[in-house]
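Undergrad: This is the structure I have questions about; it appears just below.
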There are 2 protein chains.
Amino acid sequence: MKKNLKFTVSYDGKKYFGWQTQSTKKTVQETIEKAISKAINIEVELVKIDASGRTDSGVHARGQVFSTHLPIKMPPEKFKLVLNRILPSDISIECIEEVSDDFHARYCAKSKTYSYSIYTGTRKDPFLGDYAWHVPHRICLKRMREACECLLGEHDFRSFMASGSGKTNTIRTIYEIAIKEDKCNDIIEITYIGSGFLYNMVRIMTALLIEVGQGRKSKEDVVRILNEKDRTFVPYTAPAQGLYLERVDYE
Amino acid sequence: MKKNLKFTVSYDGKKYFGWQTQSTKKTVQETIEKAISKAINIEVELVKIDASGRTDSGVHARGQVFSTHLPIKMPPEKFKLVLNRILPSDISIECIEEVSDDFHARYCAKSKTYSYSIYTGTRKDPFLGDYAWHVPHRICLKRMREACECLLGEHDFRSFMASGSGKTNTIRTIYEIAIKEDKCNDIIEITYIGSGFLYNMVRIMTALLIEVGQGRKSKEDVVRILNEKDRTFVPYTAPAQGLYLERVDYE
């Protein structure tokens, strides 16, 4: 008898070529599928896990969710311990729950929370290179917060989608954007909560907001760019290493 | 005209096979020598930097010091900016000073400070694997602090030297060992200040202190092991990733 299981997983993405399995490069999905295969002793070809969405090369997660049906007898808590022992130190299963048969990590997701970390110190910090975007300039949070307001609510976010991603429905809703500053460590963290995000949307919005914070773009530019519905109006994408998938919410 | 320069450098050691140049593997020394060669446009064979000491594969530094004589005209502050732009994000030159001709980073060092980070949380944290030793057990700091006292002062630390290192003078002085606990993040940090440390000495002492903290060894065992002057009495070495060279002091 197979059970449908919902997994919450955190990972440091720096050594992976993103979530999704590729033919030659090491990915998070493939690493987890191999660990499950080993833990319950079934062929790896029979293990297919479905995530809430992909994450790119170098992107981190504190609360990615995936689901899969497995012929498993041990209790979820035990399975979690076994898997964490098999998995490398940079991937951690945080939680495993048995869910109803129709649950699917991607199709049932109601909202997602991402955060983006920016290090603003003038000193080069060798320990932050894989975990934040280094922007050693003065950034005005007030300007950024004002610009954020224009992005809230339901919009066609076509201007903030990586070109070539091929999505046709580009309407999304952003519920909240919060900007926190850790002055001791020179870190700015932007948190985005939305119904879903287009490919690279968080990184493109972040790059534009940082332009606003530096005074190179205005709130009015953000409104204009949003209305243009054309990717070429934001010629920037913030780097992958500052991005964290914080959580995925379901009903 | 060559100038004698003293450099203070910090690095995240996770992607390097230690400090010292090897024939095939990427090291911190080689990476810095190449950057200097590029910055001042001289052949890399002519750049030889001398560090206060080696660090092993995976060991980090917040204040490693090295020195070298260079035919350089630009001011140290400018040279620092140029070098940091050439160096990868995980190596940062913190300071460059012009020093007297007889200064040598290794021979003139008077004391060194190392710290060692231990993560004691039961949760597997995927972001700490390269930066701390995971010991998910109850550790008694009082027992550890009492045991530390036996190690202070001048001793023959032969029992705490990696076998095969070939050093004949194994007498060192430890001035201070401090243990701090960050309860919010389940981190214990042990700081060691001494006249110098034998090969793997900090990692071997740390492994023994953790045994004491877990109740498997006593303060009396530490005294006995120190007096044995024989490496085989401590069959443990704490892993490299928790170790940080914090600073090197000169007269």
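Letters A, B, ... mark the chains of the structure tokens in the order given; residue numbers begin at 1 per chain; ligand numbers begin at 1, in order shown.
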Residues of chain A near chain B: apply a cut-off of 6 Å, count only C-alpha atoms, and supply the list as a ChimeraX atom specification.

TA: /A:11-12,89-92,124,126-127,129

Undergrad: Env of Glu98 of chain B: 9 Å cut, atoms = only C-alpha atoms, seq-sep filter 4 positions within chain, self excluded. Answer as a ChimeraX atom specification.

TA: /B:3-7,76

Undergrad: Can those selected residues be exported to a file as a PDB file, in the first residue's frame so that it contains N, CA and C atoms?

TA:
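Contents of selection-v1.pdb, as written:
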```pdb
ATOM      1  N   LYS B   3      59.291  46.605  -1.137  1.00  0.00           N
ATOM      2  CA  LYS B   3      58.799  46.935   0.205  1.00  0.00           C
ATOM      3  C   LYS B   3      58.385  45.650   0.896  1.00  0.00           C
ATOM      4  N   ASN B   4      58.593  45.588   2.213  1.00  0.00           N
ATOM      5  CA  ASN B   4      58.128  44.428   2.973  1.00  0.00           C
ATOM      6  C   ASN B   4      56.712  44.724   3.456  1.00  0.00           C
ATOM      7  N   LEU B   5      55.774  43.862   3.083  1.00  0.00           N
ATOM      8  CA  LEU B   5      54.368  44.126   3.398  1.00  0.00           C
ATOM      9  C   LEU B   5      53.785  43.033   4.281  1.00  0.00           C
ATOM     10  N   LYS B   6      52.978  43.469   5.238  1.00  0.00           N
ATOM     11  CA  LYS B   6      52.261  42.549   6.122  1.00  0.00           C
ATOM     12  C   LYS B   6      50.774  42.593   5.742  1.00  0.00           C
ATOM     13  N   PHE B   7      50.228  41.445   5.410  1.00  0.00           N
ATOM     14  CA  PHE B   7      48.828  41.351   4.986  1.00  0.00           C
ATOM     15  C   PHE B   7      48.015  40.616   6.053  1.00  0.00           C
ATOM     16  N   PRO B  76      49.304  51.091   0.126  1.00  0.00           N
ATOM     17  CA  PRO B  76      48.700  49.841   0.600  1.00  0.00           C
ATOM     18  C   PRO B  76      47.169  49.816   0.478  1.00  0.00           C
TER      19      PRO B  76
END
```

Undergrad: Please report the interatomic distance between atom CA of Lys78 of chain B and atom CA of Asp50 of chain B in Å with one decimal.

TA: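 About the pair atom CA of Lys78 of chain B and atom CA of Asp50 of chain B: they are 21.5 Å apart.
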
Undergrad: Hey, what's within 6 Å of segment 99-114 of chain B if we count only C-alpha atoms and toss same-chain stuff fewer than 4 positions away? As number ranges by chain, please?

TA: B: 4-5, 51-52, 66-67, 191-196, 244-250

Undergrad: Please save C-alpha atoms of the selected residues as a PDB file, in the first residue's frame.

TA:
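New file again.pdb:
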```
ATOM      1  CA  ASN B   4      58.128  44.428   2.973  1.00  0.00           C
ATOM      2  CA  LEU B   5      54.368  44.126   3.398  1.00  0.00           C
ATOM      3  CA  ALA B  51      52.075  32.878   6.220  1.00  0.00           C
ATOM      4  CA  SER B  52      52.100  32.732  10.023  1.00  0.00           C
ATOM      5  CA  PHE B  66      51.269  36.662   5.648  1.00  0.00           C
ATOM      6  CA  SER B  67      54.244  38.762   4.544  1.00  0.00           C
ATOM      7  CA  THR B 191      38.599  30.245  21.894  1.00  0.00           C
ATOM      8  CA  TYR B 192      42.255  29.297  22.382  1.00  0.00           C
ATOM      9  CA  ILE B 193      45.070  31.812  22.761  1.00  0.00           C
ATOM     10  CA  GLY B 194      48.609  30.442  22.843  1.00  0.00           C
ATOM     11  CA  SER B 195      52.243  31.010  21.925  1.00  0.00           C
ATOM     12  CA  GLY B 196      51.726  28.592  19.062  1.00  0.00           C
ATOM     13  CA  TYR B 244      38.867  29.427  12.560  1.00  0.00           C
ATOM     14  CA  LEU B 245      42.272  31.137  12.759  1.00  0.00           C
ATOM     15  CA  GLU B 246      41.077  34.345  14.450  1.00  0.00           C
ATOM     16  CA  ARG B 247      44.254  36.387  14.734  1.00  0.00           C
ATOM     17  CA  VAL B 248      48.024  36.380  14.917  1.00  0.00           C
ATOM     18  CA  ASP B 249      49.775  38.789  17.250  1.00  0.00           C
ATOM     19  CA  TYR B 250      53.247  40.320  16.904  1.00  0.00           C
TER      20      TYR B 250
END
```

Undergrad: With only C-alpha atoms as the counted atoms, please give the residues lying no more than 9 Å from segment 211-222 of chain B, apart from itself and same-chain residues fewer than 5 positions off, as an NGL selection string.

TA: :B and (137-151 or 206 or 227)

Undergrad: If you keep C-alpha atoms, can you produce a file of those selected residues as a compact mmCIF listing (two decimals), in the first residue's frame?

TA:
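Output (again10.txt):
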```txt
# COMPACT_ATOMS: atom_id res chain seq x y z
CA HIS B 137 24.16 15.92 22.53
CA ARG B 138 23.94 17.51 25.93
CA ILE B 139 27.29 19.10 26.78
CA CYS B 140 28.21 20.34 30.26
CA LEU B 141 30.18 23.57 29.95
CA LYS B 142 31.12 23.54 33.62
CA ARG B 143 32.96 20.22 33.19
CA MET B 144 34.67 21.56 30.06
CA ARG B 145 35.75 24.80 31.77
CA GLU B 146 37.26 22.88 34.68
CA ALA B 147 39.18 20.62 32.29
CA CYS B 148 40.48 23.65 30.35
CA GLU B 149 42.34 24.87 33.41
CA CYS B 150 44.67 21.84 33.29
CA LEU B 151 45.74 22.81 29.78
CA THR B 206 38.56 20.30 21.18
CA ASN B 227 51.41 13.80 31.12
```

Undergrad: Contacts of Cys184 of chain A at 12 Å or less, counting only C-alpha atoms, minus same-chain residues fewer than 2 places along, as a list in words?

TA: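 Listed by chain and then number, they are Tyr119, Thr120, Gly121, Glu181, Asp182, Asp186, Ile187 and Ile188 of chain A.
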
Undergrad: Write a file of the selected residues as a PDB file, in the first residue's frame, keeping all heavy atoms.

TA:
```
ATOM      1  N   TYR A 119      23.827  42.146   1.374  1.00  0.00           N
ATOM      2  CA  TYR A 119      24.861  42.590   2.318  1.00  0.00           C
ATOM      3  C   TYR A 119      25.375  43.941   1.837  1.00  0.00           C
ATOM      4  O   TYR A 119      25.852  44.062   0.706  1.00  0.00           O
ATOM      5  CB  TYR A 119      25.991  41.556   2.376  1.00  0.00           C
ATOM      6  CG  TYR A 119      27.243  42.026   3.061  1.00  0.00           C
ATOM      7  CD1 TYR A 119      27.203  42.499   4.374  1.00  0.00           C
ATOM      8  CD2 TYR A 119      28.475  42.006   2.410  1.00  0.00           C
ATOM      9  CE1 TYR A 119      28.346  42.941   5.008  1.00  0.00           C
ATOM     10  CE2 TYR A 119      29.636  42.434   3.049  1.00  0.00           C
ATOM     11  CZ  TYR A 119      29.559  42.911   4.342  1.00  0.00           C
ATOM     12  OH  TYR A 119      30.702  43.349   4.965  1.00  0.00           O
ATOM     13  N   THR A 120      25.265  44.958   2.692  1.00  0.00           N
ATOM     14  CA  THR A 120      25.588  46.324   2.254  1.00  0.00           C
ATOM     15  C   THR A 120      26.909  46.842   2.826  1.00  0.00           C
ATOM     16  O   THR A 120      27.251  48.005   2.611  1.00  0.00           O
ATOM     17  CB  THR A 120      24.455  47.303   2.654  1.00  0.00           C
ATOM     18  OG1 THR A 120      24.301  47.241   4.084  1.00  0.00           O
ATOM     19  CG2 THR A 120      23.143  46.940   1.985  1.00  0.00           C
ATOM     20  N   GLY A 121      27.610  46.005   3.576  1.00  0.00           N
ATOM     21  CA  GLY A 121      28.867  46.462   4.173  1.00  0.00           C
ATOM     22  C   GLY A 121      29.906  46.814   3.127  1.00  0.00           C
ATOM     23  O   GLY A 121      29.923  46.255   2.029  1.00  0.00           O
ATOM     24  N   GLU A 181      15.952  45.471   8.238  1.00  0.00           N
ATOM     25  CA  GLU A 181      17.367  45.816   8.205  1.00  0.00           C
ATOM     26  C   GLU A 181      18.046  45.322   9.474  1.00  0.00           C
ATOM     27  O   GLU A 181      17.542  45.542  10.576  1.00  0.00           O
ATOM     28  CB  GLU A 181      17.511  47.344   8.093  1.00  0.00           C
ATOM     29  CG  GLU A 181      18.936  47.772   7.828  1.00  0.00           C
ATOM     30  CD  GLU A 181      19.055  49.288   7.680  1.00  0.00           C
ATOM     31  OE1 GLU A 181      18.151  50.009   8.141  1.00  0.00           O
ATOM     32  OE2 GLU A 181      20.071  49.743   7.123  1.00  0.00           O
ATOM     33  N   ASP A 182      19.162  44.623   9.319  1.00  0.00           N
ATOM     34  CA  ASP A 182      19.975  44.217  10.461  1.00  0.00           C
ATOM     35  C   ASP A 182      21.219  45.094  10.408  1.00  0.00           C
ATOM     36  O   ASP A 182      22.180  44.821   9.689  1.00  0.00           O
ATOM     37  CB  ASP A 182      20.313  42.725  10.323  1.00  0.00           C
ATOM     38  CG  ASP A 182      21.348  42.255  11.343  1.00  0.00           C
ATOM     39  OD1 ASP A 182      21.897  43.104  12.080  1.00  0.00           O
ATOM     40  OD2 ASP A 182      21.612  41.041  11.387  1.00  0.00           O
ATOM     41  N   ASP A 186      24.897  44.715   8.697  1.00  0.00           N
ATOM     42  CA  ASP A 186      24.754  45.315   7.364  1.00  0.00           C
ATOM     43  C   ASP A 186      23.985  44.419   6.393  1.00  0.00           C
ATOM     44  O   ASP A 186      24.389  44.236   5.231  1.00  0.00           O
ATOM     45  CB  ASP A 186      26.132  45.650   6.761  1.00  0.00           C
ATOM     46  CG  ASP A 186      26.868  46.717   7.556  1.00  0.00           C
ATOM     47  OD1 ASP A 186      26.208  47.663   8.014  1.00  0.00           O
ATOM     48  OD2 ASP A 186      28.090  46.603   7.715  1.00  0.00           O
ATOM     49  N   ILE A 187      22.890  43.837   6.877  1.00  0.00           N
ATOM     50  CA  ILE A 187      22.089  42.959   6.028  1.00  0.00           C
ATOM     51  C   ILE A 187      20.691  43.563   5.844  1.00  0.00           C
ATOM     52  O   ILE A 187      20.057  43.999   6.811  1.00  0.00           O
ATOM     53  CB  ILE A 187      21.939  41.550   6.665  1.00  0.00           C
ATOM     54  CG1 ILE A 187      23.290  40.837   6.782  1.00  0.00           C
ATOM     55  CG2 ILE A 187      20.929  40.695   5.891  1.00  0.00           C
ATOM     56  CD1 ILE A 187      23.831  40.234   5.510  1.00  0.00           C
ATOM     57  N   ILE A 188      20.237  43.601   4.589  1.00  0.00           N
ATOM     58  CA  ILE A 188      18.846  43.958   4.296  1.00  0.00           C
ATOM     59  C   ILE A 188      18.164  42.692   3.806  1.00  0.00           C
ATOM     60  O   ILE A 188      18.701  41.984   2.944  1.00  0.00           O
ATOM     61  CB  ILE A 188      18.762  45.046   3.199  1.00  0.00           C
ATOM     62  CG1 ILE A 188      19.354  46.364   3.695  1.00  0.00           C
ATOM     63  CG2 ILE A 188      17.318  45.249   2.748  1.00  0.00           C
ATOM     64  CD1 ILE A 188      19.472  47.421   2.605  1.00  0.00           C
TER      65      ILE A 188
END
```

Undergrad: Please list as a compact mmCIF listing (two decimals) with C-alpha atoms, in the first residue's frame every residue within 12 Å of Lys25 of chain A, counting only C-alpha atoms and excluding residues in the same chain fewer than 5 positions away.

TA:
```txt
# COMPACT_ATOMS: atom_id res chain seq x y z
CA LYS A 15 26.83 23.09 -4.31
CA TYR A 16 23.78 22.14 -6.43
CA PHE A 17 22.70 22.93 -9.95
CA GLY A 18 19.25 23.80 -8.67
CA TRP A 19 16.35 21.58 -7.73
CA GLN A 20 15.41 19.78 -10.90
CA GLU A 30 18.22 13.73 -7.65
CA THR A 31 20.11 13.66 -4.34
CA SER A 57 21.36 26.82 -9.25
```

Undergrad: Running DSSP on the backbone, which parts of segment 98-148 of chain B land in strand (DSSP E), as a ChimeraX atom specification?

TA: /B:98,109-119,133-134

Undergrad: What is the distance, in Å and to one decimal place, between atom CA of Leu198 of chain A and atom CA of Thr24 of chain A?

TA: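 Straight-line distance from atom CA of Leu198 of chain A to atom CA of Thr24 of chain A works out to 25.9 Å.
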
Undergrad: Quick one: DSSP helix (DSSP H, G or I) residues in segment 107-228 of chain A, as a ChimeraX atom specification?

TA: /A:141-151,158-160,201-213,219-228

Undergrad: Please save N, CA and C atoms of the selected residues as an mmCIF file, in the first residue's frame.

TA:
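Generated output (part22.cif):
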```cif
data_model
loop_
_atom_site.group_PDB
_atom_site.id
_atom_site.type_symbol
_atom_site.label_atom_id
_atom_site.label_comp_id
_atom_site.auth_asym_id
_atom_site.auth_seq_id
_atom_site.Cartn_x
_atom_site.Cartn_y
_atom_site.Cartn_z
ATOM 1 N N LEU A 141 15.908 52.719 2.454
ATOM 2 C CA LEU A 141 14.801 51.768 2.629
ATOM 3 C C LEU A 141 13.441 52.431 2.447
ATOM 4 N N LYS A 142 13.365 53.705 2.785
ATOM 5 C CA LYS A 142 12.091 54.419 2.648
ATOM 6 C C LYS A 142 11.657 54.440 1.173
ATOM 7 N N ARG A 143 12.599 54.748 0.308
ATOM 8 C CA ARG A 143 12.299 54.737 -1.136
ATOM 9 C C ARG A 143 11.866 53.337 -1.582
ATOM 10 N N MET A 144 12.579 52.307 -1.087
ATOM 11 C CA MET A 144 12.247 50.939 -1.479
ATOM 12 C C MET A 144 10.851 50.564 -1.004
ATOM 13 N N ARG A 145 10.538 50.921 0.251
ATOM 14 C CA ARG A 145 9.223 50.555 0.811
ATOM 15 C C ARG A 145 8.087 51.224 0.048
ATOM 16 N N GLU A 146 8.304 52.455 -0.344
ATOM 17 C CA GLU A 146 7.264 53.158 -1.123
ATOM 18 C C GLU A 146 7.054 52.469 -2.481
ATOM 19 N N ALA A 147 8.163 52.060 -3.092
ATOM 20 C CA ALA A 147 8.069 51.403 -4.408
ATOM 21 C C ALA A 147 7.392 50.042 -4.300
ATOM 22 N N CYS A 148 7.617 49.347 -3.181
ATOM 23 C CA CYS A 148 7.003 48.029 -2.968
ATOM 24 C C CYS A 148 5.500 48.089 -3.086
ATOM 25 N N GLU A 149 4.924 49.192 -2.567
ATOM 26 C CA GLU A 149 3.460 49.290 -2.533
ATOM 27 C C GLU A 149 2.836 49.164 -3.914
ATOM 28 N N CYS A 150 3.548 49.649 -4.935
ATOM 29 C CA CYS A 150 3.016 49.570 -6.308
ATOM 30 C C CYS A 150 2.947 48.130 -6.808
ATOM 31 N N LEU A 151 3.725 47.242 -6.182
ATOM 32 C CA LEU A 151 3.779 45.865 -6.663
ATOM 33 C C LEU A 151 2.750 44.976 -5.967
ATOM 34 N N ARG A 158 4.394 40.295 -16.297
ATOM 35 C CA ARG A 158 5.199 39.913 -17.466
ATOM 36 C C ARG A 158 6.555 40.635 -17.514
ATOM 37 N N SER A 159 6.589 41.883 -17.073
ATOM 38 C CA SER A 159 7.851 42.640 -17.077
ATOM 39 C C SER A 159 8.898 42.049 -16.140
ATOM 40 N N PHE A 160 8.429 41.185 -15.219
ATOM 41 C CA PHE A 160 9.344 40.625 -14.213
ATOM 42 C C PHE A 160 9.552 39.123 -14.397
ATOM 43 N N MET A 201 11.163 35.980 -11.096
ATOM 44 C CA MET A 201 10.412 37.187 -10.719
ATOM 45 C C MET A 201 10.941 37.844 -9.442
ATOM 46 N N VAL A 202 11.245 37.051 -8.420
ATOM 47 C CA VAL A 202 11.717 37.639 -7.162
ATOM 48 C C VAL A 202 13.075 38.313 -7.372
ATOM 49 N N ARG A 203 13.937 37.661 -8.136
ATOM 50 C CA ARG A 203 15.271 38.222 -8.356
ATOM 51 C C ARG A 203 15.228 39.478 -9.226
ATOM 52 N N ILE A 204 14.285 39.535 -10.159
ATOM 53 C CA ILE A 204 14.160 40.725 -11.021
ATOM 54 C C ILE A 204 13.546 41.883 -10.219
ATOM 55 N N MET A 205 12.520 41.573 -9.399
ATOM 56 C CA MET A 205 11.925 42.619 -8.553
ATOM 57 C C MET A 205 12.971 43.161 -7.584
ATOM 58 N N THR A 206 13.766 42.259 -7.006
ATOM 59 C CA THR A 206 14.795 42.684 -6.045
ATOM 60 C C THR A 206 15.805 43.621 -6.707
ATOM 61 N N ALA A 207 16.249 43.263 -7.899
ATOM 62 C CA ALA A 207 17.217 44.106 -8.607
ATOM 63 C C ALA A 207 16.634 45.502 -8.856
ATOM 64 N N LEU A 208 15.356 45.550 -9.231
ATOM 65 C CA LEU A 208 14.726 46.853 -9.487
ATOM 66 C C LEU A 208 14.572 47.651 -8.182
ATOM 67 N N LEU A 209 14.169 46.971 -7.103
ATOM 68 C CA LEU A 209 14.010 47.663 -5.819
ATOM 69 C C LEU A 209 15.344 48.233 -5.320
ATOM 70 N N ILE A 210 16.437 47.522 -5.573
ATOM 71 C CA ILE A 210 17.753 48.020 -5.156
ATOM 72 C C ILE A 210 18.144 49.243 -6.000
ATOM 73 N N GLU A 211 17.748 49.235 -7.274
ATOM 74 C CA GLU A 211 17.960 50.428 -8.114
ATOM 75 C C GLU A 211 17.197 51.627 -7.524
ATOM 76 N N VAL A 212 15.981 51.364 -7.057
ATOM 77 C CA VAL A 212 15.174 52.425 -6.436
ATOM 78 C C VAL A 212 15.860 52.907 -5.158
ATOM 79 N N GLY A 213 16.326 51.954 -4.337
ATOM 80 C CA GLY A 213 16.978 52.300 -3.068
ATOM 81 C C GLY A 213 18.237 53.121 -3.266
ATOM 82 N N LYS A 219 9.784 55.352 -7.785
ATOM 83 C CA LYS A 219 8.514 54.636 -7.623
ATOM 84 C C LYS A 219 7.717 54.705 -8.932
ATOM 85 N N GLU A 220 7.748 55.861 -9.572
ATOM 86 C CA GLU A 220 7.012 56.027 -10.833
ATOM 87 C C GLU A 220 7.588 55.107 -11.917
ATOM 88 N N ASP A 221 8.881 54.922 -11.915
ATOM 89 C CA ASP A 221 9.494 53.988 -12.881
ATOM 90 C C ASP A 221 8.957 52.573 -12.668
ATOM 91 N N VAL A 222 8.788 52.191 -11.399
ATOM 92 C CA VAL A 222 8.294 50.845 -11.095
ATOM 93 C C VAL A 222 6.882 50.657 -11.665
ATOM 94 N N VAL A 223 6.032 51.663 -11.459
ATOM 95 C CA VAL A 223 4.664 51.599 -11.979
ATOM 96 C C VAL A 223 4.692 51.501 -13.518
ATOM 97 N N ARG A 224 5.510 52.330 -14.123
ATOM 98 C CA ARG A 224 5.616 52.349 -15.576
ATOM 99 C C ARG A 224 6.080 50.992 -16.102
ATOM 100 N N ILE A 225 7.130 50.454 -15.462
ATOM 101 C CA ILE A 225 7.687 49.173 -15.897
ATOM 102 C C ILE A 225 6.663 48.062 -15.758
ATOM 103 N N LEU A 226 5.937 48.055 -14.648
ATOM 104 C CA LEU A 226 4.883 47.059 -14.431
ATOM 105 C C LEU A 226 3.852 47.140 -15.562
ATOM 106 N N ASN A 227 3.484 48.363 -15.934
ATOM 107 C CA ASN A 227 2.467 48.556 -16.974
ATOM 108 C C ASN A 227 2.952 48.219 -18.376
ATOM 109 N N GLU A 228 4.255 48.285 -18.585
ATOM 110 C CA GLU A 228 4.797 48.004 -19.920
ATOM 111 C C GLU A 228 4.591 46.548 -20.317
#
```

Undergrad: In terms of the shortest atom-to-atom distance over only C-alpha atoms, which of B:Lys38, B:Lys180, B:Lys167, B:Arg172 is closest to Gly153 of chain B?

TA: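 With only C-alpha atoms as the atom set, the closest residue is B:Arg172.
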
Undergrad: If you measure from atom CA of His69 of chain A to atom CA of Ser165 of chain A, what distance in Å do you get, rounded to one decimal?

TA: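 Atom CA of Ser165 of chain A lies 29.0 Å from atom CA of His69 of chain A.
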
Undergrad: Which one is closest to Ile86 of chain B: B:Glu176, B:Glu33, B:Asp156, B:Glu251? Count only C-alpha atoms.

TA: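 Once distances to Ile86 of chain B are computed over only C-alpha atoms, the minimum belongs to B:Glu33.
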
Undergrad: Just the residues within 8 Å of Pro239 of chain A, please, counting only C-alpha atoms, with nothing from its chain fewer than 3 positions along; format it as a ChimeraX atom specification.

TA: /A:133,203,242-243
